[in-house]
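K.L.:
There's a structure below that I have some questions on.
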Amino acid sequence: MNYNKIVSGKAGTEKFFLGNEAIVRGAIESGIDIYTFYPGTPSSEVGENFMEIFREAGMRWVEYSINEKVAIEVAGAAYARGAKAMVGMKNVGLNVASDPLFALATTRPKNENSAMVILVADDPQQYSSAVEMDSRYFLKIFKIPALEPSNPQECLEFTKEAFNISKELKLPVILRTVTMISHARSNVVIGEIKTSGIEENFDLSKEVNVASRVYFLELKEDQIYNRLKRALEMSENSSLNRIVNENSKNPYDLGIITSGVSYSYTNEALDFFELEAPILKIGFINPLPERKIAEFLRNFKQIFVIEENDTFLETQILAIAQKNRFNVKIHGKDPFSYSKENTLLPMVGELNPTKVALALVKVLNLKPRIDLRQINKKYNLMARQAILCAGCPHRATGYALQKAIKKIKLKTGKDIYFYQDIGCYTLLALPPFSFANVKYCMGSSIALAQGVARTSVSLNIAIIGDGTFFHSGIPALINGIYNNTPILVLLLDNGWIGMTGQQPNPGSDTRYYKEGSTKEAINLEDFLHGTGANISTINHYEKDDEKYISNLTKLIFEKGVDVIENRKLNVILIRDECIQKTIKREAPTIRYVNPELCNNCGLCYNKLMCPAIDSKEEFAFIDRNLCLGCGICEEICPNNAIEKEEPK
Amino acid sequence: MKVDSYRIVLTGLGGQGLVSLLQILGNALKIEGYKVMTSETHGLSQRGGKVTCFLSFGNKLLAPIPMIGTADMIIALEESTILDVLNFAKPDKSTNLIISTYEKHEIEKDYPSLEYLLDALYEISENIYFIPAHEVAVKSLGNLKTMNIVILGYILKFLPIKRDVIETAIKENFLGKRFEMNLKALSEGQKLISKNF
C-alpha cells in the first residue's frame, strides 16, 4: 500500500482517493493534532492511513485505542485542552462511545483552537456488521451537528468543514459516512496541508466543566440549546445544503430531497429516465435547515424524499410541511407504515439506483425501457458462504472443539451451548462447525455464557478473539471469575485484529507492525494469571507440531469436564497467528496429497472445509496456489497421505 | 476514443485481487482525464464468498453502484460468479462479458454446468469472451494471483487507456518485484487480444 500519496502533492493536484483516504487528507488540511480510533469496517482505512503518515503530517498523536469509549475519551480530553481532535469508529462503535459523548457534548472548551470531529461509518446491508444500524438518530439524542458527504471529494471538503463548524461552535461535529462512500474511490482534488495552532501553555482548570447536577442543567440550557440554535443558522446558510438543477423542469411538478450516497443513486436513476428535477441536497444533516426546506417545499406539488434505512429526513420534512400548512404530497417510506408492501423504498438494506428507479416508476407512473423487476432475477448459482482463509488457525480450533464436545457429551451427558463474539471466528458458526447459539455484540460472549450457566446445568462455552477480549471482554471475564460462574472460555489469540485487516492490538508482536517500537505489548497469559482464573495455554506457533490437534482436543475435553464436575470457570488460551500476517514474513510449507496413500475418505475436505482442499476424481487434492501451509490436514489424515512439499 | 459514460461490473471471489484490479483500472482512467467512481469491498465480505465491485467513468461523476441493465462491460474472475450480475447487462445484448475460465468448486455442491452457463450468457449478450487467465497466470508467470492483471491486459482492448498510463497505474499499486511480475502479467494478457475466444 502506498501511503505516501496521502501527504504528497501540491494543492490543486488531483488524486484517486478512497472516501476514507479523502477524510484523512481533509483532516490534515485542517491542522489535526490527534486521531484515535478502533478499527471497524467500513471505517478502518482512516486509522490505518493516519497511523502511517501522522509523523510526516506533523500531527502529535494517532492511536489504535482499546475500544471506542476510550478512543473518544482520549480525543475528547485533547479537544478540551485545545487540540484539533478526531475520533473514528463504525456505526456500532458509536454505541460503545455514547456514554462519554453525552458529557462531551456539554463541554465547552475555551481554547480558540479546540475542534473535534467524530467519524461514524454506517454499514447499510450489514456487509461486515452484526446489526444494521442507522446512527443518525443519535444526532438528536446528543444534540450535535452532523455532515454527510456524497462522494470522496466531499469526504475531504466536509471533513474540513466539520472542523470549522466545531471550532466555531465548540461542539463536537459528527461526520457520517456509509460503506459506499467510505469505500468509494474517485477523483479528489487536494488542498494545502495545515499545521495546528495548538499552544503549549494552557490552564486546564478553566477549560473543564465539573458536572454537579445544577451546573449540568445550566450547561444544557445554555451550551447545548444556544449552540444548536447557532448550528441551525449555519445549516440554513451552508452551501452544503443546496439546490441542484434549480431551474430544471419536469411535467410532474416534482422536487426531490436527498442526502449522502442516496444523492448519487438519485442522479443515476433520473439519468436512466432522462428526467430532470430540482434536488435539495442535504449535506448538513443535523440540525436540518428548516427555512431552506420550507422554501423548497413551497415550490412543488410533489416531493420525493430519498434516503437509505430510517426515515430520519422524511419524518422531519413531514413536520416542516405540517408546520407551514403546505399542500404538498410527500412521497417516501412513510414513518408509520412499518410494512414492506406499502413503502416506496426499503426500510432495511442498502439502497441502489435501481430501487430508486422502481420507486420513481410508482410515484410518477413511468414506463421504464427495461423490466426493472429483473433486479430480482436469480440464476441457479452455486451458493457460496464466507469461509475461513486457507491456513486460518481458527479452523484447527473448530475441528478440535468439535471432537472434544462429542467426548464431553458422552462422558457427562450435559447439553453444550456456544456464545460467539465479533471476529473472523464468527465463521465457526457456519458449517462444517456450526458453533453458535447466541451472539450479540463486541465482547459479550463471556457474559452471555454466564447468564445461561447461572440458570441451567449445561456447559456453556464462550468463543472470543484476542482483539475483542481487549476491547470489551475483560470486564465480563472478571465478572465470571469474581462470581465463580462455571463457564469455559476459549480465548482465540491470533495476535491481531484479523477481520478488519490485521491491525495490532495490545497483545500483538511489536516487531511486526508500524509504530510497534513505540509500544509496550501486554502479555495475555500474564494478564490472565493476574486475574486468578484457571488458565491453560496451548501454542501453535511452530507448525510442525504433529500432535497439535489431539493435544488441543484433549485440553478442551479436560477443561470442559472440569467446568461441569467442579463448577469452575476455565480459560483456554489458544495461541497462533493470523495466517494473513504470517505469510507476509514467511513462505508457507505447502502440503500435497500422495495419491498412493489417499483412499478418498473425505475427512480433510469435508471436516475442515479449507478453500485449498478439493476432491478430484478418486483423491483429495490440495491446490498448491491456495495452500498456506498450516499443516492441520496433515495431522488429521488417517492414512498419512498428506505430505510436505520440499521447499524450492 | 473519448467516452461519455461507461459502466463496468466486476465480480469474483474474495482474495482474487478484484480490489487491486479496480484500483489500477480506475487510476489509469483518472490519469486519462476521466471522472471515475469505484466501489471496493473490504472486511468480512472478502472472506471467500462472492465479491462484486463497480467502476464507472465518463465526463461526469457517476454513482458507486450502477442501474441494472446499464453495464457496458461485466468481468468475472471466477466463471460461475458472472451469473449473479447478469441483470446489469444491457437489454440490447451489447454488453461485453469477460469471463475468466477459472472454476472454484466446493465440496458437495453442484457447480453450474457449462451448458447452463452458456445458455444464460447467449441469452444476455452477443459479445462473450472466455479468457484462460488462470492458465496463463500459472503457466507463464507461476503465480495464480496475477490472474487479475492478465484480465486487465485483455480488457485494454475495449478501454481508452494507453500502455504507459496503465504501467504508471500498476506502479502506484505494486512496488519492486511485484511490479515486474504484474507488468509481465499485463503483457501476457495483452497477447491474448490477438487470439479469438
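Ordered as shown in the C-alpha cells, chains take letters A, B, and onward, while each chain numbers its residues from 1 and ligands are numbered from 1 in the order shown.
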I want to know what sits within 8 Å of Val328 in chain A, based on only C-alpha atoms, with residues of the same chain fewer than 5 positions away left out; could you give that as a list of chain:residue names?
P.N.:
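Counting only the stated atoms, we get A:Leu297, A:Arg298, A:Phe300, A:Lys301, A:Gln302, A:Ile303, A:Ala321.
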K.L.:
Write out, as a PDB file, in the first residue's frame, the residues just selected, with C-alpha atoms.
P.N.:
ATOM      1  CA  LEU A 297     -41.386  22.503  -0.409  1.00  0.00           C
ATOM      2  CA  ARG A 298     -43.391  25.609  -1.305  1.00  0.00           C
ATOM      3  CA  PHE A 300     -43.798  21.775  -5.706  1.00  0.00           C
ATOM      4  CA  LYS A 301     -46.941  19.689  -5.755  1.00  0.00           C
ATOM      5  CA  GLN A 302     -44.969  16.512  -5.090  1.00  0.00           C
ATOM      6  CA  ILE A 303     -41.822  15.883  -3.086  1.00  0.00           C
ATOM      7  CA  ALA A 321     -44.683  20.719   5.805  1.00  0.00           C
TER       8      ALA A 321
END
K.L.:
Apply DSSP to the backbone of this structure and, from chain B, keep only the residues in strand (DSSP E or B); write these as a PyMOL selection string.
P.N.:
chain B and resi 5-13+35-39+50-58+71+73-76+89+96-100+127-131
K.L.:
Per residue of chain B within 7 Å of chain A, note the shortest atom pair and the distance in Å to one decimal, counting only C-alpha atoms, and order the rows by chain and increasing residue number, as a tab-separated table.
P.N.:
residue	atom	partner	partner_atom	distance
B:Asn27	CA	A:Phe16	CA	6.1
B:Lys30	CA	A:Asn187	CA	6.8
B:Lys35	CA	A:Asn187	CA	6.3
B:Val36	CA	A:Ser186	CA	5.3
B:Met37	CA	A:Ser186	CA	4.7
B:Thr38	CA	A:Arg185	CA	5.1
B:Ser39	CA	A:Ala184	CA	4.3
B:Glu40	CA	A:His183	CA	5.3
B:Gly43	CA	A:Thr500	CA	5.1
B:Leu44	CA	A:Ser128	CA	5.3
B:Ser45	CA	A:Tyr127	CA	6.1
B:Arg47	CA	A:Ala386	CA	5.3
B:Gly48	CA	A:Ala386	CA	5.1
B:Gly49	CA	A:Ala386	CA	4.4
B:Lys50	CA	A:Arg384	CA	6.8
B:Leu62	CA	A:Ser264	CA	6.8
B:Ala63	CA	A:Ser264	CA	4.9
B:Pro64	CA	A:Ala184	CA	6.3
B:Ile65	CA	A:Asn352	CA	6.4
B:Pro66	CA	A:Pro353	CA	6.4
B:Met67	CA	A:Thr354	CA	5.0
B:Ile68	CA	A:Thr354	CA	6.3
B:Leu83	CA	A:Tyr379	CA	6.0
B:Asp84	CA	A:Tyr379	CA	6.8
B:Asn87	CA	A:Gln374	CA	6.2
B:Ile107	CA	A:Asp614	CA	6.5
B:Lys109	CA	A:Met382	CA	6.8
B:Asp110	CA	A:Met382	CA	6.4
B:Tyr111	CA	A:Met382	CA	5.7
B:Pro112	CA	A:Leu381	CA	6.3
B:Leu144	CA	A:Asn625	CA	6.3
B:Asn173	CA	A:Met1	CA	6.7
K.L.:
Residues of the last selection are to be written out with N, CA and C atoms, as a compact mmCIF listing (two decimals), in the first residue's frame.
P.N.:
# COMPACT_ATOMS: atom_id res chain seq x y z
N ASN B 27 -7.43 4.18 -11.54
CA ASN B 27 -6.36 5.17 -11.52
C ASN B 27 -5.94 5.52 -12.95
N LYS B 30 -8.45 7.69 -14.52
CA LYS B 30 -8.33 9.04 -13.94
C LYS B 30 -7.21 9.80 -14.62
N LYS B 35 -13.62 11.33 -15.08
CA LYS B 35 -14.17 11.26 -13.72
C LYS B 35 -14.47 9.79 -13.46
N VAL B 36 -13.89 9.26 -12.42
CA VAL B 36 -14.02 7.83 -12.15
C VAL B 36 -14.68 7.63 -10.80
N MET B 37 -15.54 6.63 -10.71
CA MET B 37 -16.11 6.27 -9.41
C MET B 37 -16.08 4.76 -9.27
N THR B 38 -15.49 4.27 -8.18
CA THR B 38 -15.48 2.82 -7.96
C THR B 38 -16.00 2.52 -6.57
N SER B 39 -16.43 1.30 -6.37
CA SER B 39 -16.78 0.87 -5.01
C SER B 39 -15.99 -0.38 -4.70
N GLU B 40 -15.29 -0.38 -3.59
CA GLU B 40 -14.44 -1.52 -3.20
C GLU B 40 -15.14 -2.34 -2.12
N GLY B 43 -13.23 -5.97 4.49
CA GLY B 43 -13.80 -6.57 5.69
C GLY B 43 -14.24 -8.00 5.51
N LEU B 44 -15.20 -8.41 6.31
CA LEU B 44 -15.61 -9.81 6.34
C LEU B 44 -16.09 -10.32 4.99
N SER B 45 -16.71 -9.44 4.20
CA SER B 45 -17.28 -9.89 2.92
C SER B 45 -16.20 -10.34 1.94
N ARG B 47 -13.99 -12.64 2.71
CA ARG B 47 -13.58 -13.98 3.06
C ARG B 47 -14.24 -15.06 2.21
N GLY B 48 -13.69 -15.29 1.04
CA GLY B 48 -14.08 -16.47 0.27
C GLY B 48 -15.39 -16.39 -0.46
N GLY B 49 -16.33 -15.63 0.05
CA GLY B 49 -17.62 -15.55 -0.62
C GLY B 49 -17.53 -14.75 -1.90
N LYS B 50 -18.67 -14.52 -2.52
CA LYS B 50 -18.68 -13.75 -3.77
C LYS B 50 -18.48 -12.28 -3.47
N LEU B 62 -20.32 9.54 -11.72
CA LEU B 62 -21.48 8.65 -11.64
C LEU B 62 -21.56 8.03 -10.24
N ALA B 63 -22.59 7.22 -10.02
CA ALA B 63 -22.81 6.64 -8.69
C ALA B 63 -21.91 5.43 -8.46
N PRO B 64 -21.62 5.10 -7.19
CA PRO B 64 -20.79 3.94 -6.90
C PRO B 64 -21.47 2.60 -7.23
N ILE B 65 -22.77 2.61 -7.43
CA ILE B 65 -23.48 1.42 -7.91
C ILE B 65 -24.27 1.84 -9.14
N PRO B 66 -24.19 1.10 -10.27
CA PRO B 66 -24.99 1.48 -11.45
C PRO B 66 -26.40 0.89 -11.39
N MET B 67 -27.24 1.35 -12.31
CA MET B 67 -28.56 0.75 -12.51
C MET B 67 -28.38 -0.64 -13.13
N ILE B 68 -29.33 -1.52 -12.88
CA ILE B 68 -29.31 -2.76 -13.65
C ILE B 68 -29.59 -2.40 -15.11
N LEU B 83 -22.99 -15.25 -13.21
CA LEU B 83 -24.45 -15.46 -13.20
C LEU B 83 -25.15 -14.53 -12.21
N ASP B 84 -24.41 -14.10 -11.21
CA ASP B 84 -25.01 -13.27 -10.18
C ASP B 84 -25.21 -11.82 -10.60
N ASN B 87 -27.96 -9.35 -14.55
CA ASN B 87 -29.03 -8.36 -14.70
C ASN B 87 -28.49 -6.94 -14.90
N ILE B 107 -16.92 -28.54 -2.19
CA ILE B 107 -17.28 -29.92 -1.89
C ILE B 107 -18.80 -30.07 -1.72
N LYS B 109 -21.23 -29.51 -3.54
CA LYS B 109 -22.15 -28.54 -4.12
C LYS B 109 -22.07 -28.68 -5.63
N ASP B 110 -23.21 -28.49 -6.29
CA ASP B 110 -23.22 -28.62 -7.74
C ASP B 110 -22.79 -27.32 -8.40
N TYR B 111 -21.70 -27.41 -9.11
CA TYR B 111 -21.23 -26.25 -9.87
C TYR B 111 -22.10 -26.14 -11.11
N PRO B 112 -22.51 -24.90 -11.49
CA PRO B 112 -23.36 -24.77 -12.68
C PRO B 112 -22.70 -25.42 -13.89
N LEU B 144 -0.76 -17.78 -9.56
CA LEU B 144 -2.20 -17.67 -9.80
C LEU B 144 -2.72 -16.26 -9.51
N ASN B 173 0.44 0.83 -7.59
CA ASN B 173 -0.17 -0.19 -6.74
C ASN B 173 0.82 -1.23 -6.22
K.L.:
Residues near Glu79 in chain B, anyone? I mean within 9 Å using only C-alpha atoms, not counting same-chain ones fewer than 5 positions away, as a compact mmCIF listing (two decimals) with N, CA and C atoms, in the first residue's frame.
P.N.:
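Output below, filename around.txt:
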# COMPACT_ATOMS: atom_id res chain seq x y z
N GLY B 12 -16.22 -11.81 -8.64
CA GLY B 12 -15.26 -12.90 -8.43
C GLY B 12 -15.34 -13.34 -6.98
N ILE B 99 -15.00 -13.28 -19.21
CA ILE B 99 -15.10 -14.34 -18.21
C ILE B 99 -13.81 -15.12 -18.12
N SER B 100 -13.21 -15.08 -16.95
CA SER B 100 -12.06 -15.93 -16.71
C SER B 100 -12.57 -17.36 -16.54
N THR B 101 -11.94 -18.30 -17.22
CA THR B 101 -12.46 -19.67 -17.19
C THR B 101 -12.07 -20.42 -15.92
N TYR B 102 -11.49 -19.73 -14.98
CA TYR B 102 -11.15 -20.33 -13.69
C TYR B 102 -12.43 -20.76 -12.96
N GLU B 103 -12.44 -22.02 -12.50
CA GLU B 103 -13.61 -22.51 -11.77
C GLU B 103 -13.20 -22.88 -10.36
N LYS B 104 -13.91 -22.36 -9.38
CA LYS B 104 -13.64 -22.77 -7.99
C LYS B 104 -14.85 -23.55 -7.51
N LEU B 117 -24.60 -22.43 -18.15
CA LEU B 117 -23.90 -21.14 -18.18
C LEU B 117 -24.00 -20.51 -19.57
N PHE B 130 -14.30 -15.70 -23.30
CA PHE B 130 -13.79 -16.60 -22.26
C PHE B 130 -12.26 -16.51 -22.27
K.L.:
Write out as JSON, numbers by chain which residues come within 9 Å of Leu97 in chain B when counting only C-alpha atoms, dropping same-chain ones fewer than 3 positions away.
P.N.:
{"B": [72, 73, 74, 75, 76, 82, 89, 121, 125, 126, 127, 128, 129, 130]}
K.L.:
Write out as an mmCIF file with N, CA and C atoms, in the first residue's frame which residues come within 12 Å of Gly189 in chain B when counting only C-alpha atoms, dropping same-chain ones fewer than 4 positions away.
P.N.:
data_model
loop_
_atom_site.group_PDB
_atom_site.id
_atom_site.type_symbol
_atom_site.label_atom_id
_atom_site.label_comp_id
_atom_site.auth_asym_id
_atom_site.auth_seq_id
_atom_site.Cartn_x
_atom_site.Cartn_y
_atom_site.Cartn_z
ATOM 1 N N SER B 100 -13.213 -15.080 -16.952
ATOM 2 C CA SER B 100 -12.062 -15.928 -16.705
ATOM 3 C C SER B 100 -12.572 -17.357 -16.541
ATOM 4 N N ILE B 131 -11.668 -16.145 -21.164
ATOM 5 C CA ILE B 131 -10.219 -15.936 -21.122
ATOM 6 C C ILE B 131 -9.585 -16.961 -20.170
ATOM 7 N N PRO B 132 -8.637 -17.758 -20.655
ATOM 8 C CA PRO B 132 -7.985 -18.728 -19.770
ATOM 9 C C PRO B 132 -6.922 -18.057 -18.897
ATOM 10 N N ALA B 133 -7.332 -17.053 -18.149
ATOM 11 C CA ALA B 133 -6.374 -16.199 -17.430
ATOM 12 C C ALA B 133 -5.608 -16.974 -16.364
ATOM 13 N N HIS B 134 -6.256 -17.942 -15.733
ATOM 14 C CA HIS B 134 -5.565 -18.691 -14.667
ATOM 15 C C HIS B 134 -4.458 -19.553 -15.246
ATOM 16 N N GLU B 135 -4.714 -20.118 -16.458
ATOM 17 C CA GLU B 135 -3.669 -20.949 -17.080
ATOM 18 C C GLU B 135 -2.459 -20.098 -17.428
ATOM 19 N N VAL B 136 -2.730 -18.923 -17.984
ATOM 20 C CA VAL B 136 -1.634 -18.011 -18.313
ATOM 21 C C VAL B 136 -0.895 -17.609 -17.042
ATOM 22 N N ALA B 137 -1.665 -17.302 -16.013
ATOM 23 C CA ALA B 137 -1.060 -16.839 -14.759
ATOM 24 C C ALA B 137 -0.164 -17.922 -14.162
ATOM 25 N N SER B 140 2.646 -19.245 -17.449
ATOM 26 C CA SER B 140 3.640 -18.273 -17.896
ATOM 27 C C SER B 140 4.281 -17.505 -16.749
ATOM 28 N N LEU B 141 3.551 -17.354 -15.671
ATOM 29 C CA LEU B 141 4.033 -16.480 -14.610
ATOM 30 C C LEU B 141 4.267 -17.211 -13.289
ATOM 31 N N THR B 146 -1.702 -13.472 -10.219
ATOM 32 C CA THR B 146 -1.592 -12.440 -11.265
ATOM 33 C C THR B 146 -2.736 -12.523 -12.282
ATOM 34 N N MET B 147 -3.654 -13.452 -12.031
ATOM 35 C CA MET B 147 -4.783 -13.634 -12.942
ATOM 36 C C MET B 147 -5.539 -12.335 -13.189
ATOM 37 N N ASN B 148 -5.697 -11.553 -12.139
ATOM 38 C CA ASN B 148 -6.445 -10.297 -12.285
ATOM 39 C C ASN B 148 -5.771 -9.361 -13.287
ATOM 40 N N ILE B 149 -4.437 -9.349 -13.308
ATOM 41 C CA ILE B 149 -3.729 -8.422 -14.195
ATOM 42 C C ILE B 149 -3.690 -8.967 -15.625
ATOM 43 N N VAL B 150 -3.710 -10.289 -15.762
ATOM 44 C CA VAL B 150 -3.846 -10.878 -17.103
ATOM 45 C C VAL B 150 -5.166 -10.394 -17.719
ATOM 46 N N ILE B 151 -6.216 -10.462 -16.936
ATOM 47 C CA ILE B 151 -7.523 -9.971 -17.400
ATOM 48 C C ILE B 151 -7.450 -8.483 -17.740
ATOM 49 N N LEU B 152 -6.765 -7.745 -16.887
ATOM 50 C CA LEU B 152 -6.607 -6.305 -17.136
ATOM 51 C C LEU B 152 -5.958 -6.069 -18.500
ATOM 52 N N GLY B 153 -4.905 -6.848 -18.795
ATOM 53 C CA GLY B 153 -4.232 -6.724 -20.087
ATOM 54 C C GLY B 153 -5.203 -6.953 -21.225
ATOM 55 N N TYR B 154 -6.074 -7.940 -21.064
ATOM 56 C CA TYR B 154 -7.007 -8.265 -22.135
ATOM 57 C C TYR B 154 -8.053 -7.163 -22.354
ATOM 58 N N ILE B 155 -8.599 -6.641 -21.271
ATOM 59 C CA ILE B 155 -9.708 -5.679 -21.447
ATOM 60 C C ILE B 155 -9.243 -4.310 -21.942
ATOM 61 N N LEU B 156 -7.921 -4.106 -21.973
ATOM 62 C CA LEU B 156 -7.424 -2.832 -22.518
ATOM 63 C C LEU B 156 -7.924 -2.632 -23.936
ATOM 64 N N LYS B 157 -8.180 -3.751 -24.599
ATOM 65 C CA LYS B 157 -8.741 -3.770 -25.949
ATOM 66 C C LYS B 157 -10.003 -2.907 -26.064
ATOM 67 N N ASN B 182 3.740 -8.173 -12.249
ATOM 68 C CA ASN B 182 2.441 -7.760 -12.763
ATOM 69 C C ASN B 182 2.532 -7.112 -14.138
ATOM 70 N N LEU B 183 3.682 -6.511 -14.409
ATOM 71 C CA LEU B 183 3.889 -5.955 -15.746
ATOM 72 C C LEU B 183 3.916 -7.090 -16.777
ATOM 73 N N LYS B 184 4.573 -8.176 -16.392
ATOM 74 C CA LYS B 184 4.596 -9.356 -17.264
ATOM 75 C C LYS B 184 3.186 -9.890 -17.467
ATOM 76 N N ALA B 185 2.437 -9.949 -16.376
ATOM 77 C CA ALA B 185 1.056 -10.441 -16.462
ATOM 78 C C ALA B 185 0.247 -9.578 -17.412
ATOM 79 N N ILE B 193 -5.173 -10.724 -26.712
ATOM 80 C CA ILE B 193 -6.113 -9.922 -27.506
ATOM 81 C C ILE B 193 -6.179 -10.408 -28.948
ATOM 82 N N SER B 194 -4.997 -10.798 -29.492
ATOM 83 C CA SER B 194 -4.964 -11.214 -30.886
ATOM 84 C C SER B 194 -5.612 -12.582 -31.105
ATOM 85 N N LYS B 195 -5.846 -13.295 -30.005
ATOM 86 C CA LYS B 195 -6.474 -14.614 -30.155
ATOM 87 C C LYS B 195 -7.992 -14.467 -30.100
#
K.L.:
Skip Tyr3 in chain A itself and residues of its chain fewer than 3 positions away, then list as a list in words all residues within 10 Å of it, counting only C-alpha atoms.
P.N.:
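Returned residues: Ile6, Val7, Ser8, Glu21, Glu48, Asn49, Phe50, Met51, Glu52 and Ile53 of chain A.
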K.L.:
Skip Asp415 in chain A itself and residues of its chain fewer than 4 positions away, then list as a compact mmCIF listing (two decimals) with N, CA and C atoms, in the first residue's frame all residues within 8 Å of it, counting only C-alpha atoms.
P.N.:
# COMPACT_ATOMS: atom_id res chain seq x y z
N LYS A 409 -19.87 -34.70 25.91
CA LYS A 409 -21.28 -35.12 25.97
C LYS A 409 -21.39 -36.58 26.39
N SER A 458 -26.17 -26.84 32.14
CA SER A 458 -25.48 -27.13 30.88
C SER A 458 -24.03 -26.63 30.92
N LEU A 459 -23.25 -27.05 29.90
CA LEU A 459 -21.90 -26.49 29.74
C LEU A 459 -21.98 -25.34 28.74
K.L.:
Of the candidates B:Gly15, B:Met181, B:Phe54, B:Thr95, which one gets nearest to Gly142 in chain B if we count only C-alpha atoms?
P.N.:
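For Gly142 in chain B, the nearest of the candidates is B:Met181.
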K.L.:
Considering only helix (DSSP H, G or I) as DSSP defines it on the backbone, what residues of range 88-219 of chain A qualify? List them as a ChimeraX atom specification.
P.N.:
/A:91-104,124-126,137-142,152-169,179-182,204-207,213-219
